[in-house]
Each structure stands twice: as structure tokens, then as C-alpha cells.
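Quick look at input09.cif (mmCIF, C-alpha atoms):
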data_run
loop_
_atom_site.group_PDB
_atom_site.id
_atom_site.type_symbol
_atom_site.label_atom_id
_atom_site.label_comp_id
_atom_site.auth_asym_id
_atom_site.auth_seq_id
_atom_site.Cartn_x
_atom_site.Cartn_y
_atom_site.Cartn_z
ATOM 1 C CA MET A 1 0.000 0.000 0.000
ATOM 2 C CA LEU A 2 2.778 2.428 0.960
ATOM 3 C CA ALA A 3 4.627 1.615 -2.254
ATOM 4 C CA ILE A 4 1.543 2.488 -4.304
ATOM 5 C CA ILE A 5 1.162 5.807 -2.465
ATOM 6 C CA LYS A 6 4.859 6.672 -2.974
ATOM 7 C CA HIS A 7 4.524 6.118 -6.724
ATOM 8 C CA ASN A 8 1.331 8.201 -6.871
ATOM 9 C CA LEU A 9 1.979 10.986 -4.368
ATOM 10 C CA GLY A 10 0.310 13.624 -6.549
ATOM 11 C CA VAL A 11 -2.916 11.617 -6.636
ATOM 12 C CA TYR A 12 -2.656 10.821 -2.905
ATOM 13 C CA PHE A 13 -2.315 14.489 -1.917
ATOM 14 C CA MET A 14 -5.156 15.461 -4.270
ATOM 15 C CA VAL A 15 -7.495 12.891 -2.707
ATOM 16 C CA LEU A 16 -6.704 14.370 0.715
ATOM 17 C CA ALA A 17 -7.250 17.897 -0.641
ATOM 18 C CA CYS A 18 -10.611 16.886 -2.137
ATOM 19 C CA LEU A 19 -11.800 15.439 1.162
ATOM 20 C CA GLU A 20 -10.614 18.556 3.001
ATOM 21 C CA PHE A 21 -12.344 20.875 0.523
ATOM 22 C CA ALA A 22 -15.601 18.948 0.983
ATOM 23 C CA LEU A 23 -15.188 19.220 4.775
ATOM 24 C CA ILE A 24 -14.672 22.991 4.409
ATOM 25 C CA GLY A 25 -17.989 23.035 2.566
ATOM 26 C CA ALA A 26 -19.583 21.046 5.401
ATOM 27 C CA CYS A 27 -18.281 23.560 7.971
ATOM 28 C CA ALA A 28 -19.635 26.396 5.839
ATOM 29 C CA LYS A 29 -23.013 24.643 5.706
ATOM 30 C CA ILE A 30 -23.095 24.302 9.499
ATOM 31 C CA LEU A 31 -22.113 27.950 9.955
ATOM 32 C CA SER A 32 -24.811 29.132 7.537
ATOM 33 C CA GLU A 33 -27.402 27.063 9.405
ATOM 34 C CA ASP A 34 -26.179 28.758 12.580
ATOM 35 C CA GLY A 35 -27.126 32.131 11.107
ATOM 36 C CA LEU A 36 -23.837 33.428 9.641
ATOM 37 C CA PRO A 37 -24.067 35.076 6.201
ATOM 38 C CA SER A 38 -22.098 33.335 3.444
ATOM 39 C CA ILE A 39 -19.970 36.494 3.046
ATOM 40 C CA GLU A 40 -18.848 36.294 6.669
ATOM 41 C CA ILE A 41 -18.020 32.595 6.308
ATOM 42 C CA MET A 42 -15.917 33.393 3.244
ATOM 43 C CA PHE A 43 -14.144 36.168 5.182
ATOM 44 C CA PHE A 44 -13.126 33.899 8.069
ATOM 45 C CA ARG A 45 -12.059 31.103 5.736
ATOM 46 C CA ASN A 46 -9.775 33.425 3.761
ATOM 47 C CA ALA A 47 -8.511 35.447 6.733
ATOM 48 C CA ILE A 48 -7.110 32.322 8.398
ATOM 49 C CA GLY A 49 -5.698 31.173 5.057
ATOM 50 C CA ALA A 50 -4.042 34.567 4.517
ATOM 51 C CA LEU A 51 -2.159 34.265 7.807
ATOM 52 C CA PHE A 52 -0.869 30.851 6.748
ATOM 53 C CA MET A 53 0.136 32.148 3.311
ATOM 54 C CA LEU A 54 2.073 35.024 4.900
ATOM 55 C CA TYR A 55 4.043 32.429 6.860
ATOM 56 C CA LEU A 56 4.728 30.474 3.657
ATOM 57 C CA LEU A 57 5.841 33.560 1.740
ATOM 58 C CA ARG A 58 8.632 34.149 4.248
ATOM 59 C CA LYS A 59 10.227 30.921 3.004
ATOM 60 C CA VAL A 60 9.732 31.515 -0.720
ATOM 61 C CA THR A 61 12.752 32.491 -2.775
ATOM 62 C CA ILE A 62 11.742 34.681 -5.702
ATOM 63 C CA HIS A 63 13.322 33.685 -9.030
ATOM 64 C CA LYS A 64 10.910 35.609 -11.228
ATOM 65 C CA ASP A 65 10.784 39.292 -12.128
ATOM 66 C CA GLY A 66 7.108 39.952 -11.426
ATOM 67 C CA GLY A 67 5.006 42.270 -13.554
ATOM 68 C CA ARG A 68 1.478 42.029 -14.932
ATOM 69 C CA PHE A 69 0.163 43.469 -11.667
ATOM 70 C CA PHE A 70 -3.310 44.179 -13.050
ATOM 71 C CA LEU A 71 -3.608 40.583 -14.253
ATOM 72 C CA LEU A 72 -2.639 39.456 -10.740
ATOM 73 C CA LEU A 73 -5.338 41.748 -9.371
ATOM 74 C CA PHE A 74 -7.827 40.422 -11.917
ATOM 75 C CA ARG A 75 -7.066 36.834 -10.888
ATOM 76 C CA GLY A 76 -7.764 37.726 -7.255
ATOM 77 C CA LEU A 77 -11.013 39.522 -8.121
ATOM 78 C CA ALA A 78 -12.320 36.762 -10.380
ATOM 79 C CA GLY A 79 -11.468 34.054 -7.858
ATOM 80 C CA SER A 80 -13.049 36.033 -5.028
ATOM 81 C CA ILE A 81 -16.288 36.611 -6.948
ATOM 82 C CA SER A 82 -16.427 32.880 -7.649
ATOM 83 C CA LEU A 83 -16.048 32.211 -3.910
ATOM 84 C CA TYR A 84 -18.796 34.725 -3.032
ATOM 85 C CA LEU A 85 -21.206 32.787 -5.224
ATOM 86 C CA PHE A 86 -19.902 29.356 -4.210
ATOM 87 C CA PHE A 87 -20.370 29.973 -0.477
ATOM 88 C CA TYR A 88 -23.810 31.464 -1.149
ATOM 89 C CA ASN A 89 -24.744 28.295 -3.038
ATOM 90 C CA ILE A 90 -23.495 26.152 -0.137
ATOM 91 C CA ALA A 91 -25.776 28.069 2.229
ATOM 92 C CA HIS A 92 -28.886 27.805 0.030
ATOM 93 C CA ILE A 93 -28.729 24.581 -2.002
ATOM 94 C CA SER A 94 -27.374 21.062 -1.492
ATOM 95 C CA LEU A 95 -23.662 20.669 -0.842
ATOM 96 C CA GLY A 96 -23.208 18.429 -3.890
ATOM 97 C CA GLY A 97 -25.080 20.868 -6.128
ATOM 98 C CA ALA A 98 -22.897 23.797 -5.045
ATOM 99 C CA PHE A 99 -19.688 21.847 -5.726
ATOM 100 C CA ALA A 100 -21.001 20.599 -9.075
ATOM 101 C CA PHE A 101 -21.811 24.117 -10.263
ATOM 102 C CA GLN A 102 -18.302 25.321 -9.463
ATOM 103 C CA LYS A 103 -16.845 22.307 -11.252
ATOM 104 C CA SER A 104 -18.517 23.520 -14.450
ATOM 105 C CA SER A 105 -15.480 25.787 -14.912
ATOM 106 C CA PRO A 106 -13.822 23.508 -17.552
ATOM 107 C CA ILE A 107 -16.740 24.302 -19.888
ATOM 108 C CA PHE A 108 -15.913 27.992 -19.724
ATOM 109 C CA ILE A 109 -12.132 27.456 -19.779
ATOM 110 C CA THR A 110 -12.461 25.481 -23.003
ATOM 111 C CA LEU A 111 -14.811 27.998 -24.623
ATOM 112 C CA ILE A 112 -12.744 31.029 -23.566
ATOM 113 C CA ALA A 113 -9.576 29.359 -24.881
ATOM 114 C CA PHE A 114 -11.406 28.651 -28.142
ATOM 115 C CA PHE A 115 -12.706 32.193 -28.697
ATOM 116 C CA LEU A 116 -9.830 34.239 -27.234
ATOM 117 C CA PHE A 117 -6.772 32.077 -27.862
ATOM 118 C CA LYS A 118 -8.035 30.187 -30.940
ATOM 119 C CA GLU A 119 -7.321 26.825 -29.299
ATOM 120 C CA SER A 120 -8.863 23.830 -31.041
ATOM 121 C CA ILE A 121 -11.612 22.044 -29.110
ATOM 122 C CA GLY A 122 -12.030 18.898 -31.188
ATOM 123 C CA LEU A 123 -14.825 16.349 -31.139
ATOM 124 C CA ARG A 124 -14.057 15.093 -27.628
ATOM 125 C CA GLY A 125 -13.994 18.657 -26.343
ATOM 126 C CA TRP A 126 -17.410 19.476 -27.799
ATOM 127 C CA LEU A 127 -18.752 16.197 -26.416
ATOM 128 C CA GLY A 128 -17.482 17.096 -22.943
ATOM 129 C CA ILE A 129 -19.046 20.569 -23.162
ATOM 130 C CA PHE A 130 -22.377 19.097 -24.302
ATOM 131 C CA ILE A 131 -22.491 16.495 -21.505
ATOM 132 C CA ALA A 132 -21.465 18.954 -18.774
ATOM 133 C CA PHE A 133 -23.918 21.585 -20.020
ATOM 134 C CA ALA A 134 -26.683 18.949 -20.084
ATOM 135 C CA GLY A 135 -25.834 18.298 -16.435
ATOM 136 C CA VAL A 136 -26.286 21.983 -15.631
ATOM 137 C CA LEU A 137 -29.689 21.894 -17.368
ATOM 138 C CA CYS A 138 -30.696 18.776 -15.386
ATOM 139 C CA ILE A 139 -30.074 20.603 -12.127
ATOM 140 C CA SER A 140 -31.484 24.016 -13.073
ATOM 141 C CA GLN A 141 -34.338 22.926 -15.439
ATOM 142 C CA PRO A 142 -34.793 26.428 -16.950
ATOM 143 C CA PHE A 143 -37.644 25.228 -19.185
ATOM 144 C CA ASP A 144 -39.739 23.581 -16.461
ATOM 145 C CA SER A 145 -39.501 25.148 -13.010
ATOM 146 C CA SER A 146 -41.556 22.313 -11.496
ATOM 147 C CA LEU A 147 -38.637 19.933 -12.120
ATOM 148 C CA ALA A 148 -35.893 22.350 -11.053
ATOM 149 C CA GLN A 149 -33.573 20.997 -8.354
ATOM 150 C CA VAL A 150 -32.565 24.550 -7.329
ATOM 151 C CA ASP A 151 -34.243 27.937 -7.675
ATOM 152 C CA SER A 152 -33.347 30.129 -10.654
ATOM 153 C CA LYS A 153 -31.329 32.620 -8.578
ATOM 154 C CA ASN A 154 -29.030 29.954 -7.147
ATOM 155 C CA ALA A 155 -28.770 28.230 -10.526
ATOM 156 C CA LEU A 156 -27.597 31.465 -12.186
ATOM 157 C CA LEU A 157 -25.202 32.229 -9.328
ATOM 158 C CA GLY A 158 -23.840 28.678 -9.476
ATOM 159 C CA ILE A 159 -23.170 28.928 -13.215
ATOM 160 C CA ALA A 160 -21.570 32.333 -12.678
ATOM 161 C CA SER A 161 -19.381 30.787 -9.965
ATOM 162 C CA GLY A 162 -18.037 28.315 -12.527
ATOM 163 C CA PHE A 163 -17.488 31.101 -15.060
ATOM 164 C CA PHE A 164 -15.495 33.321 -12.694
ATOM 165 C CA ALA A 165 -13.499 30.310 -11.493
ATOM 166 C CA ALA A 166 -12.609 29.703 -15.155
ATOM 167 C CA LEU A 167 -11.438 33.320 -15.588
ATOM 168 C CA ALA A 168 -9.259 32.994 -12.491
ATOM 169 C CA LEU A 169 -7.725 29.706 -13.653
ATOM 170 C CA ILE A 170 -7.034 30.990 -17.170
ATOM 171 C CA SER A 171 -5.216 34.040 -15.791
ATOM 172 C CA VAL A 172 -2.930 31.720 -13.787
ATOM 173 C CA ARG A 173 -1.518 30.367 -17.075
ATOM 174 C CA GLU A 174 0.078 33.736 -17.806
ATOM 175 C CA LEU A 175 0.874 34.686 -14.216
ATOM 176 C CA ARG A 176 3.038 31.589 -13.688
ATOM 177 C CA ASN A 177 5.589 33.184 -15.998
ATOM 178 C CA PHE A 178 5.927 36.168 -13.666
ATOM 179 C CA TYR A 179 5.204 35.026 -10.095
ATOM 180 C CA PRO A 180 5.786 31.956 -7.864
ATOM 181 C CA THR A 181 2.651 29.887 -7.224
ATOM 182 C CA GLU A 182 2.575 31.013 -3.588
ATOM 183 C CA TYR A 183 2.370 34.694 -4.608
ATOM 184 C CA ILE A 184 -0.487 33.999 -7.004
ATOM 185 C CA ALA A 185 -2.364 32.079 -4.298
ATOM 186 C CA PHE A 186 -1.766 34.844 -1.752
ATOM 187 C CA SER A 187 -3.144 37.541 -4.073
ATOM 188 C CA PHE A 188 -6.359 35.531 -4.327
ATOM 189 C CA ILE A 189 -6.681 34.881 -0.590
ATOM 190 C CA ALA A 190 -5.771 38.469 0.345
ATOM 191 C CA ILE A 191 -8.343 39.975 -2.015
ATOM 192 C CA GLY A 192 -10.789 37.291 -0.879
ATOM 193 C CA THR A 193 -10.359 38.608 2.668
ATOM 194 C CA ILE A 194 -10.498 42.336 1.923
ATOM 195 C CA LEU A 195 -13.578 42.252 -0.321
ATOM 196 C CA PRO A 196 -15.937 40.474 2.108
ATOM 197 C CA PHE A 197 -14.705 42.762 4.894
ATOM 198 C CA PHE A 198 -15.945 45.778 2.930
ATOM 199 C CA SER A 199 -19.095 43.889 1.945
ATOM 200 C CA MET A 200 -19.921 43.465 5.638
ATOM 201 C CA PHE A 201 -18.997 47.087 6.378
ATOM 202 C CA ILE A 202 -21.406 48.293 3.691
ATOM 203 C CA GLY A 203 -23.959 45.759 4.878
ATOM 204 C CA ALA A 204 -24.044 47.406 8.302
ATOM 205 C CA PHE A 205 -25.655 50.449 6.647
ATOM 206 C CA TYR A 206 -27.268 49.078 3.502
ATOM 207 C CA ALA A 207 -28.100 45.435 2.846
ATOM 208 C CA PRO A 208 -30.582 44.868 -0.012
ATOM 209 C CA SER A 209 -32.084 41.382 0.222
ATOM 210 C CA GLY A 210 -31.676 40.763 -3.506
ATOM 211 C CA ALA A 211 -27.901 41.246 -3.244
ATOM 212 C CA ASP A 212 -27.378 39.161 -0.103
ATOM 213 C CA PHE A 213 -24.773 37.100 -1.959
ATOM 214 C CA PHE A 214 -22.526 40.181 -2.116
ATOM 215 C CA ILE A 215 -23.607 42.525 0.706
ATOM 216 C CA ALA A 216 -24.611 41.451 4.221
ATOM 217 C CA PRO A 217 -24.078 42.751 7.768
ATOM 218 C CA PHE A 218 -21.683 41.105 10.196
ATOM 219 C CA VAL A 219 -23.321 38.651 12.609
ATOM 220 C CA MET A 220 -21.523 37.884 15.858
ATOM 221 C CA PRO A 221 -20.741 34.136 15.837
ATOM 222 C CA SER A 222 -21.995 31.965 18.655
ATOM 223 C CA ALA A 223 -19.641 29.777 20.693
ATOM 224 C CA LYS A 224 -20.539 26.857 18.432
ATOM 225 C CA SER A 225 -19.805 28.950 15.339
ATOM 226 C CA TRP A 226 -16.379 30.000 16.630
ATOM 227 C CA ILE A 227 -15.490 26.328 17.075
ATOM 228 C CA PHE A 228 -16.462 25.510 13.484
ATOM 229 C CA ILE A 229 -14.703 28.639 12.191
ATOM 230 C CA GLY A 230 -11.535 27.331 13.857
ATOM 231 C CA ILE A 231 -12.047 23.836 12.429
ATOM 232 C CA MET A 232 -12.682 25.293 8.974
ATOM 233 C CA GLY A 233 -9.512 27.360 9.235
ATOM 234 C CA VAL A 234 -7.344 24.385 10.210
ATOM 235 C CA ILE A 235 -8.807 22.233 7.434
ATOM 236 C CA GLY A 236 -8.307 25.131 5.010
ATOM 237 C CA VAL A 237 -4.599 25.266 5.877
ATOM 238 C CA LEU A 238 -4.272 21.497 5.361
ATOM 239 C CA TYR A 239 -6.103 21.839 2.051
ATOM 240 C CA GLN A 240 -3.688 24.533 0.889
ATOM 241 C CA ILE A 241 -0.697 22.363 1.840
ATOM 242 C CA HIS A 242 -2.011 19.253 0.092
ATOM 243 C CA ILE A 243 -3.256 20.990 -3.076
ATOM 244 C CA THR A 244 0.164 22.669 -3.467
ATOM 245 C CA LYS A 245 2.037 19.414 -2.854
ATOM 246 C CA SER A 246 -0.254 17.551 -5.238
ATOM 247 C CA TYR A 247 0.605 19.673 -8.262
ATOM 248 C CA GLY A 248 4.209 20.010 -7.102
ATOM 249 C CA VAL A 249 4.972 16.273 -7.129
ATOM 250 C CA ALA A 250 2.504 15.138 -9.813
ATOM 251 C CA LYS A 251 4.019 13.341 -12.799
ATOM 252 C CA LYS A 252 1.080 14.439 -14.950
ATOM 253 C CA ALA A 253 -0.885 17.532 -13.907
ATOM 254 C CA GLY A 254 -3.837 16.413 -16.038
ATOM 255 C CA ILE A 255 -4.259 13.223 -14.001
ATOM 256 C CA VAL A 256 -4.302 15.219 -10.770
ATOM 257 C CA ALA A 257 -6.816 17.669 -12.251
ATOM 258 C CA GLY A 258 -9.079 14.738 -13.066
ATOM 259 C CA VAL A 259 -8.803 13.345 -9.539
ATOM 260 C CA SER A 260 -9.810 16.792 -8.221
ATOM 261 C CA TYR A 261 -13.408 15.985 -9.189
ATOM 262 C CA LEU A 262 -13.520 13.681 -6.187
ATOM 263 C CA ASP A 263 -14.469 16.698 -4.065
ATOM 264 C CA VAL A 264 -17.898 16.597 -5.750
ATOM 265 C CA VAL A 265 -18.261 12.924 -4.779
ATOM 266 C CA PHE A 266 -17.204 13.636 -1.198
ATOM 267 C CA SER A 267 -19.545 16.636 -0.993
ATOM 268 C CA VAL A 268 -22.505 14.540 -2.192
ATOM 269 C CA LEU A 269 -21.763 11.882 0.443
ATOM 270 C CA ILE A 270 -21.268 14.425 3.247
ATOM 271 C CA GLY A 271 -24.275 16.390 1.994
ATOM 272 C CA VAL A 272 -26.576 13.465 2.835
ATOM 273 C CA VAL A 273 -26.213 14.528 6.491
ATOM 274 C CA PHE A 274 -27.569 18.010 5.726
ATOM 275 C CA ASP A 275 -29.833 17.565 2.711
ATOM 276 C CA GLY A 276 -30.821 13.898 2.706
ATOM 277 C CA PHE A 277 -30.344 11.702 -0.329
ATOM 278 C CA PRO A 278 -30.273 13.716 -3.589
ATOM 279 C CA SER A 279 -32.971 13.085 -6.188
ATOM 280 C CA ALA A 280 -32.260 11.000 -9.272
ATOM 281 C CA LEU A 281 -32.351 14.132 -11.430
ATOM 282 C CA MET A 282 -29.862 15.918 -9.175
ATOM 283 C CA LEU A 283 -27.516 12.917 -9.230
ATOM 284 C CA LEU A 284 -27.834 12.713 -13.014
ATOM 285 C CA GLY A 285 -26.965 16.405 -13.345
ATOM 286 C CA ILE A 286 -24.003 16.205 -10.965
ATOM 287 C CA GLY A 287 -22.747 13.052 -12.688
ATOM 288 C CA ALA A 288 -22.999 14.670 -16.136
ATOM 289 C CA ILE A 289 -21.067 17.757 -15.009
ATOM 290 C CA VAL A 290 -18.328 15.575 -13.525
ATOM 291 C CA PHE A 291 -18.168 13.254 -16.546
ATOM 292 C CA GLY A 292 -18.167 16.129 -19.045
ATOM 293 C CA GLY A 293 -15.511 17.939 -17.025
ATOM 294 C CA LEU A 294 -13.314 14.841 -16.972
ATOM 295 C CA ILE A 295 -13.568 14.567 -20.755
ATOM 296 C CA LEU A 296 -12.414 18.179 -21.053
ATOM 297 C CA VAL A 297 -9.556 17.634 -18.579
ATOM 298 C CA PHE A 298 -8.257 14.484 -20.275
ATOM 299 C CA ARG A 299 -8.903 15.349 -23.921
ATOM 300 C CA LYS A 300 -5.329 16.551 -24.483
ATOM 301 C CA LEU A 301 -3.564 13.790 -22.584
#
Turn this file's structure into C-alpha cells for me.
Amino acid sequence: MLAIIKHNLGVYFMVLACLEFALIGACAKILSEDGLPSIEIMFFRNAIGALFMLYLLRKVTIHKDGGRFFLLLFRGLAGSISLYLFFYNIAHISLGGAFAFQKSSPIFITLIAFFLFKESIGLRGWLGIFIAFAGVLCISQPFDSSLAQVDSKNALLGIASGFFAALALISVRELRNFYPTEYIAFSFIAIGTILPFFSMFIGAFYAPSGADFFIAPFVMPSAKSWIFIGIMGVIGVLYQIHITKSYGVAKKAGIVAGVSYLDVVFSVLIGVVFDGFPSALMLLGIGAIVFGGLILVFRKL
């Protein structure tokens, strides 16, 4: 067993990261049920992560010249917007559904690369897009609201979460030529801490109900909430360590990216505790998004 793990360390660390990410989602679900706005949950998650990243940056030796500051800022903004919507989804729909929506990002990555960078998609690519998009339709059911597994607002926000995650991931391609991975990650976590702080500050004076995914007042956590905030922070640090190690030691990054879809599986299993067993239509939609995403991940391997 140990020999297998040693030969597949990238996969091993990614499996751990997927489980940890699903557990972060579970903590967020508990905190939302305890009355904390999704914005506040996002703030605490990133604030603890930012402290850890500052510690890591002290040990990073810079071998790159930097530059492209506005692209670095854009990556942080896009990733933060995706997290706003992702944590809102976690609070208002099933855990598996929220994770599945965010995992729709390969659809948008492929399409953006096709239109902006003229990258070829190919038959397998179009097949993956079609299957994953069909999964999104299964969950959202825009043509028959009686069959919809989530309301239209959360469906749109979930799709937007995948889109902004795609923008953030595409920008990393270019940023890797200018910054170490740790600096890119820190820009995202730092912006993801500052933005929700101001969202809560504004929310203390003006908090329209229709924009509760972006503006909400601070709610003082209960003793129970503080415990789960601490647990979420510790798991978040472990997640950051394992996700970084996974890509760092992986022999093939594409294989690791495919394994990353396990977080959807873990979130569905953990989500049974909160949401009960998902419907057949929800499972079909989640499965199609995962399967289509895997086709897009592996199509160039």
C-alpha cells in the first residue's frame, strides 16, 4: 500500500485535498445554518488562510521578475467573486449541487480558450461541453420550473461561480511566468479577505435582500460557530498544503486535475447529512457535469 502511495503521491495528496475541501464546505453549511451570512463565512475562511500564506511567503525564494500586476489583481477579483457565489450556493442549495456548479469551470475554460486564444476544441472537447452543459440543465431545469432541483437565482449564481473560477484559472496560465505559485495564491486569498470585509462594512448600513450574496451585515458568531470557524480554518490550511504538494509532485498535472473531481463525490456523500439523499435528477446532473468535465480535462492527454 505504501509503495503504491509513494509512486502516486500527486494523486494521494489530491485525494486528501478533495476530502478537506468537501469538509470545508460542510463547515460552511453548518455555519450558515447557525445564522452566519455566506460572506462572513468566506471572510473567516480566507482570513485564516491569509495568515498561513504570509508564513509560507517568508520561506519563498523569488526567481521571477514579477510584472502584470493588473492581471494578478484580476485573478484575485475573479477568484473572489467565484467564492462569493460558491459559499452562497453552499448556504442555500445542497452541498453536492454547489460543488457541481463550481466544477462547471472547464466548460468555460475550453470555450474562452477557443474564442480568445483560438485553441482547437475537437470532437471530444465538444462532447465534454455538451455532456457537462446537459448536467447543468438537469439541475437548473430552466424550461420547467416544477422539475428544477434549485431555484433560478441559485442556478444562475452557481453557473456564474463556474465562469469566474474559469477566468481565475485561465489568468494563472500567464501569471506563472511572472510570479511563484505562492504569490499567485496569496493575491487571491488576500483579495478574498479584503472584499468580504468591505461587503460586511457596507452591509451594516445598507443590505438589499436581492444582493445578499454580495452585501450582508456582520453577525456575531456563537460559541458553536467560533469552534467551526476554527475547524474550517485548520482544514483550510491542510487543504492549501495538500493541493500545493499535489501539483508540485505530480508526474502528470492532467491526471491530478481529473482526480480533483472527487471533491464533488465527497460533498454529495457528506451532503446526505444536511440535505438527505439527492434526487435522481440531481444525481444525473451532478454526474454529467463531472463526466463532461473529466472529458475536457483528459482530452489533451
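Minimum atom-to-atom distances from A:Val290, A:Leu83, A:Leu116, A:Ile241 to Ala28 in chain A were compared using all atoms listed in the file, and the lowest value belongs to A:Leu83.
Once the PyMOL selection byres ((chain A and resi 203) around 8) is applied to the depicted file, the selected set reads Ser199, Met200, Phe201, Ile202, Ala204, Phe205, Tyr206, Ala207, Ile215, Ala216, Pro217 and Phe218 of chain A.
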Tell me which residues the PyMOL selection byres ((chain A and resi 190) around 9) grabs here, as a compact mmCIF listing (two decimals) with C-alpha atoms, keeping the file's coordinate frame.
# COMPACT_ATOMS: atom_id res chain seq x y z
CA ASN A 46 -9.78 33.42 3.76
CA ALA A 47 -8.51 35.45 6.73
CA GLY A 49 -5.70 31.17 5.06
CA ALA A 50 -4.04 34.57 4.52
CA GLY A 76 -7.76 37.73 -7.26
CA ALA A 185 -2.36 32.08 -4.30
CA PHE A 186 -1.77 34.84 -1.75
CA SER A 187 -3.14 37.54 -4.07
CA PHE A 188 -6.36 35.53 -4.33
CA ILE A 189 -6.68 34.88 -0.59
CA ILE A 191 -8.34 39.98 -2.02
CA GLY A 192 -10.79 37.29 -0.88
CA THR A 193 -10.36 38.61 2.67
CA ILE A 194 -10.50 42.34 1.92
CA LEU A 195 -13.58 42.25 -0.32
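Using all atoms listed in the file, the shortest contact distance between Ile295 in chain A and any of A:Trp126, A:Phe99, A:Phe178, A:Tyr183 is found at A:Trp126.
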Margin query: Could you list, as a PyMOL selection string, every residue within 9 Å of Ile121 in chain A, counting all atoms listed in the file and ignoring same-chain residues fewer than 6 positions away?
Written below: chain A and resi 110-111+113-114+296+299
Margin query: Once the PyMOL selection byres ((chain A and resi 174) around 12) has been evaluated on this model, what residues remain selected, and can you format them as a PyMOL selection string?
Written below: chain A and resi 66-72+74-75+167-173+175-181+184
Per-residue nearest contacts range 42-126 of chain A to range 260-272 of chain A, cut-off 9 Å, using all atoms listed in the file, as a tab-separated table:
residue	atom	partner	partner_atom	distance
A:Ser94	CA	A:Gly271	CA	6.6
A:Leu95	CA	A:Gly271	CA	5.2
A:Gly96	CA	A:Val268	CA	4.3
A:Gly97	CA	A:Val268	CA	7.9
A:Ala98	CA	A:Val264	CA	8.8
A:Phe99	CA	A:Val264	CA	5.5
A:Ala100	CA	A:Val264	CA	6.1
A:Lys103	CA	A:Tyr261	CA	7.5
Keeping only C-alpha atoms, take the residues you just selected and write them out as a PDB file, keeping the file's coordinate frame.
ATOM      1  CA  SER A  94     -27.374  21.062  -1.492  1.00  0.00           C
ATOM      2  CA  LEU A  95     -23.662  20.669  -0.842  1.00  0.00           C
ATOM      3  CA  GLY A  96     -23.208  18.429  -3.890  1.00  0.00           C
ATOM      4  CA  GLY A  97     -25.080  20.868  -6.128  1.00  0.00           C
ATOM      5  CA  ALA A  98     -22.897  23.797  -5.045  1.00  0.00           C
ATOM      6  CA  PHE A  99     -19.688  21.847  -5.726  1.00  0.00           C
ATOM      7  CA  ALA A 100     -21.001  20.599  -9.075  1.00  0.00           C
ATOM      8  CA  LYS A 103     -16.845  22.307 -11.252  1.00  0.00           C
TER       9      LYS A 103
END
Next item on the list: Write out as number ranges by chain each polymer residue whose atoms come within 10 Å of Phe133 in chain A, counting only C-alpha atoms; drop sequence neighbours fewer than 6 positions from it.
Entry: A: 104, 107, 127, 285, 288-289, 292-293
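The two atoms in question, CA of Ala280 in chain A and CA of Leu31 in chain A, are spaced 27.6 Å apart.
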Next item on the list: Go ahead and compute the interatomic distance for CA of His242 in chain A and CA of Phe13 in chain A, in Å to one decimal.
Entry: 5.2 Å
Check: Quick one, how far is CA of Val256 in chain A from CA of Val11 in chain A?
Finding: 5.7 Å
Check: Of the candidates A:Ser225, A:Ser32, A:Ser105, A:Asn89, which shows the shortest atom-to-atom distance to Lys153 in chain A, using all atoms listed in the file?
Finding: A:Asn89
Next item on the list: List every protein, DNA or RNA residue that has an atom no more than 9 Å from (-33.0, 27.5, -5.1) in the file's coordinate frame, counting all atoms listed in the file, and report them as a ChimeraX atom specification.
Entry: /A:89,92-93,140,148-155
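Distance annotation: of A:Pro142, A:Glu33, A:Ala22, A:Arg45, the residue with the minimal separation from Ile231 in chain A is A:Arg45; atom set is all atoms listed in the file.
The residue set within 12 Å of Val234 in chain A, counting only C-alpha atoms and dropping same-chain residues fewer than 4 places from it, reads Glu20, Phe21, Leu23, Ile24, Cys27, Phe44, Arg45, Asn46, Ala47, Ile48, Gly49, Leu51, Phe52, Ile227, Phe228, Ile229, Gly230, Leu238, Tyr239, Gln240 and Ile241 of chain A.
Using all atoms listed in the file, the smallest distance between any of A:Leu57, A:Met220, A:Leu85, A:Ala166 and Pro106 in chain A comes from A:Ala166.
Remark: for Gly79 in chain A, the closest of the candidate residues A:Met14, A:Ile129, A:Ala160, A:Leu36 is A:Ala160 (distances computed over only C-alpha atoms).
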Taking all atoms of range 41-47 of chain A that the file lists and extending 3 Å past them on each side, where is the centre of the axis-aligned box and how long are its edges? Answer in Å to one decimal, as AutoDock Vina command-line options.
--center_x -13.3 --center_y 33.6 --center_z 5.7 --size_x 15.5 --size_y 11.1 --size_z 10.8
